[in-house]
file structure-v9.cif (mmCIF, C-alpha atoms, pLDDT in the B column; chains and numbers go by the auth columns)
data_my_file
loop_
_atom_site.group_PDB
_atom_site.id
_atom_site.type_symbol
_atom_site.label_atom_id
_atom_site.label_comp_id
_atom_site.label_asym_id
_atom_site.label_seq_id
_atom_site.Cartn_x
_atom_site.Cartn_y
_atom_site.Cartn_z
_atom_site.B_iso_or_equiv
_atom_site.auth_seq_id
_atom_site.auth_asym_id
ATOM 1 C CA MET A 1 -17.361 210.138 107.342 46.00 1 S
ATOM 2 C CA TYR A 2 -17.084 210.055 103.570 48.00 2 S
ATOM 3 C CA ASN A 3 -14.892 207.434 101.918 50.00 3 S
ATOM 4 C CA VAL A 4 -13.138 208.859 98.812 48.00 4 S
ATOM 5 C CA ILE A 5 -11.792 205.441 97.877 45.00 5 S
ATOM 6 C CA ASP A 6 -15.146 204.303 96.483 58.00 6 S
ATOM 7 C CA ASP A 7 -15.753 207.218 94.138 69.00 7 S
ATOM 8 C CA ILE A 8 -14.168 209.492 91.602 84.00 8 S
ATOM 9 C CA THR A 9 -13.690 212.614 93.690 89.00 9 S
ATOM 10 C CA TYR A 10 -12.375 216.010 92.687 93.00 10 S
ATOM 11 C CA ARG A 11 -10.768 218.532 95.007 94.00 11 S
ATOM 12 C CA VAL A 12 -11.888 221.996 93.915 97.00 12 S
ATOM 13 C CA GLU A 13 -10.029 225.008 95.299 97.00 13 S
ATOM 14 C CA ILE A 14 -11.150 228.535 94.529 96.00 14 S
ATOM 15 C CA LYS A 15 -8.159 230.853 94.866 95.00 15 S
ATOM 16 C CA PRO A 16 -9.570 233.959 96.609 91.00 16 S
ATOM 17 C CA ASP A 17 -6.815 236.311 95.437 91.00 17 S
ATOM 18 C CA THR A 18 -7.097 235.472 91.718 91.00 18 S
ATOM 19 C CA LYS A 19 -10.505 233.715 91.455 88.00 19 S
ATOM 20 C CA TYR A 20 -8.734 230.910 89.552 96.00 20 S
ATOM 21 C CA VAL A 21 -10.059 227.445 90.298 97.00 21 S
ATOM 22 C CA GLU A 22 -7.782 224.430 90.628 97.00 22 S
ATOM 23 C CA VAL A 23 -9.344 220.999 90.157 96.00 23 S
ATOM 24 C CA GLN A 24 -7.531 217.774 91.103 93.00 24 S
ATOM 25 C CA CYS A 25 -8.826 214.221 90.893 90.00 25 S
ATOM 26 C CA PHE A 26 -8.109 211.755 93.708 82.00 26 S
ATOM 27 C CA GLY A 27 -9.271 208.403 95.040 67.00 27 S
ATOM 28 C CA MET A 28 -8.820 204.818 93.869 62.00 28 S
ATOM 29 C CA ASN A 29 -10.883 205.373 90.723 59.00 29 S
ATOM 30 C CA SER A 30 -9.107 208.567 89.713 56.00 30 S
ATOM 31 C CA VAL A 31 -8.218 207.365 86.217 59.00 31 S
ATOM 32 C CA ASP A 32 -11.009 209.623 84.943 60.00 32 S
ATOM 33 C CA MET A 33 -9.384 213.049 85.174 69.00 33 S
ATOM 34 C CA GLU A 34 -11.403 214.832 82.489 78.00 34 S
ATOM 35 C CA ALA A 35 -12.132 217.887 84.636 88.00 35 S
ATOM 36 C CA GLU A 36 -8.684 218.198 86.197 90.00 36 S
ATOM 37 C CA GLY A 37 -6.821 221.451 85.591 93.00 37 S
ATOM 38 C CA THR A 38 -6.838 225.181 86.274 95.00 38 S
ATOM 39 C CA TYR A 39 -9.824 227.303 85.288 96.00 39 S
ATOM 40 C CA MET A 40 -9.947 231.091 85.010 96.00 40 S
ATOM 41 C CA SER A 41 -13.182 231.259 87.052 95.00 41 S
ATOM 42 C CA VAL A 42 -15.985 229.150 88.495 95.00 42 S
ATOM 43 C CA MET A 43 -18.047 229.958 85.399 95.00 43 S
ATOM 44 C CA GLU A 44 -15.604 227.947 83.243 96.00 44 S
ATOM 45 C CA LEU A 45 -16.029 224.751 85.274 96.00 45 S
ATOM 46 C CA PRO A 46 -18.021 221.848 83.838 95.00 46 S
ATOM 47 C CA GLU A 47 -21.746 222.207 84.603 96.00 47 S
ATOM 48 C CA TRP A 48 -21.836 219.157 86.868 95.00 48 S
ATOM 49 C CA ILE A 49 -19.128 220.655 89.114 96.00 49 S
ATOM 50 C CA LYS A 50 -20.844 224.064 89.218 97.00 50 S
ATOM 51 C CA ASP A 51 -24.120 222.380 90.220 97.00 51 S
ATOM 52 C CA LYS A 52 -22.457 220.520 93.080 97.00 52 S
ATOM 53 C CA LEU A 53 -20.593 223.626 94.265 96.00 53 S
ATOM 54 C CA ALA A 54 -23.924 225.468 94.395 96.00 54 S
ATOM 55 C CA VAL A 55 -25.285 222.802 96.753 95.00 55 S
ATOM 56 C CA LEU A 56 -22.175 222.788 98.942 95.00 56 S
ATOM 57 C CA ASN A 57 -22.014 226.589 99.157 91.00 57 S
ATOM 58 C CA VAL A 58 -25.186 226.660 101.272 91.00 58 S
ATOM 59 C CA LEU A 59 -23.377 224.787 104.056 90.00 59 S
ATOM 60 C CA PRO A 60 -22.004 226.926 106.894 85.00 60 S
ATOM 61 C CA SER A 61 -18.412 228.068 106.862 78.00 61 S
ATOM 62 C CA PRO A 62 -16.331 227.059 108.685 72.00 62 S
ATOM 63 C CA PRO A 63 -18.317 223.881 108.332 65.00 63 S
ATOM 64 C CA PRO A 64 -18.653 221.007 110.638 75.00 64 S
ATOM 65 C CA GLN A 65 -17.342 218.593 108.043 75.00 65 S
ATOM 66 C CA GLN A 66 -20.346 216.826 106.631 80.00 66 S
ATOM 67 C CA TYR A 67 -20.801 214.789 103.493 87.00 67 S
ATOM 68 C CA VAL A 68 -23.759 215.425 101.181 91.00 68 S
ATOM 69 C CA GLU A 69 -24.740 212.166 99.508 90.00 69 S
ATOM 70 C CA ASP A 70 -23.794 212.080 95.790 90.00 70 S
ATOM 71 C CA VAL A 71 -22.514 215.687 95.972 94.00 71 S
ATOM 72 C CA GLY A 72 -19.419 215.877 98.175 93.00 72 S
ATOM 73 C CA ALA A 73 -18.200 217.968 101.105 93.00 73 S
ATOM 74 C CA LYS A 74 -17.258 221.546 101.925 93.00 74 S
ATOM 75 C CA ILE A 75 -13.831 221.499 103.546 91.00 75 S
ATOM 76 C CA ASN A 76 -13.577 225.251 104.125 90.00 76 S
ATOM 77 C CA GLU A 77 -14.621 228.532 102.497 90.00 77 S
ATOM 78 C CA ASN A 78 -12.569 227.850 99.342 94.00 78 S
ATOM 79 C CA ILE A 79 -11.998 224.080 99.196 94.00 79 S
ATOM 80 C CA PHE A 80 -14.580 221.489 98.216 95.00 80 S
ATOM 81 C CA TRP A 81 -14.638 217.797 97.385 93.00 81 S
ATOM 82 C CA VAL A 82 -17.140 216.914 94.673 94.00 82 S
ATOM 83 C CA VAL A 83 -18.133 213.413 93.600 91.00 83 S
ATOM 84 C CA LYS A 84 -18.498 212.651 89.914 87.00 84 S
ATOM 85 C CA ASP A 85 -21.706 210.929 88.884 79.00 85 S
ATOM 86 C CA CYS A 86 -20.926 207.484 87.507 68.00 86 S
#
call {"tool": "encode", "arguments": {"input": "structure-v9.cif", "output": "structure tokens"}}
result
Amino acid sequence: MYNVIDDITYRVEIKPDTKYVEVQCFGMNSVDMEAEGTYMSVMELPEWIKDKLAVLNVLPSPPPQQYVEDVGAKINENIFWVVKDC
């Protein structure tokens, strides 16, 4: 299982009713919160987050929870954890 303590990890939730995207930083190294906030759509997210969401979206839903090295994990249809490149 993935250990969020070692990385800067963002929780990305796509709100299905509004298409807004909420991004929260968590983990021990979460002092870097540059991408944290609410976005009007996925298209407004930073490119590095969009790229990682594209990778995670190919995983089945509901997923068996699996971690993709240097990318993150798909928690369910609308919630993802993405790892920031250091």
call {"tool": "resolve_selection", "arguments": {"input": "structure-v9.cif", "expression": "the PyMOL selection byres ((chain S and resi 45) around 12)", "output": "PDB file with C-alpha atoms, keeping the file's coordinate frame"}}
result
ATOM      1  CA  VAL S  12     -11.888 221.996  93.915  1.00 97.00           C
ATOM      2  CA  GLU S  13     -10.029 225.008  95.299  1.00 97.00           C
ATOM      3  CA  ILE S  14     -11.150 228.535  94.529  1.00 96.00           C
ATOM      4  CA  TYR S  20      -8.734 230.910  89.552  1.00 96.00           C
ATOM      5  CA  VAL S  21     -10.059 227.445  90.298  1.00 97.00           C
ATOM      6  CA  GLU S  22      -7.782 224.430  90.628  1.00 97.00           C
ATOM      7  CA  VAL S  23      -9.344 220.999  90.157  1.00 96.00           C
ATOM      8  CA  GLU S  34     -11.403 214.832  82.489  1.00 78.00           C
ATOM      9  CA  ALA S  35     -12.132 217.887  84.636  1.00 88.00           C
ATOM     10  CA  GLU S  36      -8.684 218.198  86.197  1.00 90.00           C
ATOM     11  CA  GLY S  37      -6.821 221.451  85.591  1.00 93.00           C
ATOM     12  CA  THR S  38      -6.838 225.181  86.274  1.00 95.00           C
ATOM     13  CA  TYR S  39      -9.824 227.303  85.288  1.00 96.00           C
ATOM     14  CA  MET S  40      -9.947 231.091  85.010  1.00 96.00           C
ATOM     15  CA  SER S  41     -13.182 231.259  87.052  1.00 95.00           C
ATOM     16  CA  VAL S  42     -15.985 229.150  88.495  1.00 95.00           C
ATOM     17  CA  MET S  43     -18.047 229.958  85.399  1.00 95.00           C
ATOM     18  CA  GLU S  44     -15.604 227.947  83.243  1.00 96.00           C
ATOM     19  CA  PRO S  46     -18.021 221.848  83.838  1.00 95.00           C
ATOM     20  CA  GLU S  47     -21.746 222.207  84.603  1.00 96.00           C
ATOM     21  CA  TRP S  48     -21.836 219.157  86.868  1.00 95.00           C
ATOM     22  CA  ILE S  49     -19.128 220.655  89.114  1.00 96.00           C
ATOM     23  CA  LYS S  50     -20.844 224.064  89.218  1.00 97.00           C
ATOM     24  CA  ASP S  51     -24.120 222.380  90.220  1.00 97.00           C
ATOM     25  CA  LYS S  52     -22.457 220.520  93.080  1.00 97.00           C
ATOM     26  CA  LEU S  53     -20.593 223.626  94.265  1.00 96.00           C
TER      27      LEU S  53
END
call {"tool": "resolve_selection", "arguments": {"input": "structure-v9.cif", "expression": "the PyMOL selection byres ((chain S and resi 74) around 7)", "output": "list in words"}}
result
Leu56, Pro63, Gln65, Ala73, Ile75, Asn76, Ile79, Phe80 and Trp81 of chain S
call {"tool": "resolve_selection", "arguments": {"input": "structure-v9.cif", "expression": "the PyMOL selection byres ((chain S and resi 10) around 6)", "output": "list in words"}}
result
Thr9, Arg11, Gln24, Cys25, Trp81 and Val82 of chain S
call {"tool": "atom_distance", "arguments": {"input": "structure-v9.cif", "atom1": "atom CA of S:Ile8", "atom2": "atom CA of S:Pro64"}}
result
22.7 Å
call {"tool": "atom_distance", "arguments": {"input": "structure-v9.cif", "atom1": "atom CA of S:Val71", "atom2": "atom CA of S:Thr18"}}
result
25.4 Å
call {"tool": "atom_distance", "arguments": {"input": "structure-v9.cif", "atom1": "atom CA of S:Asp85", "atom2": "atom CA of S:Val58"}}
result
20.3 Å
call {"tool": "axis_aligned_box", "arguments": {"input": "structure-v9.cif", "around": "stretch 17-24 of chain S", "padding_each_side": "4 Å", "output": "AutoDock Vina command-line options"}}
result
--center_x -8.7 --center_y 227.0 --center_z 92.5 --size_x 11.7 --size_y 26.5 --size_z 13.9
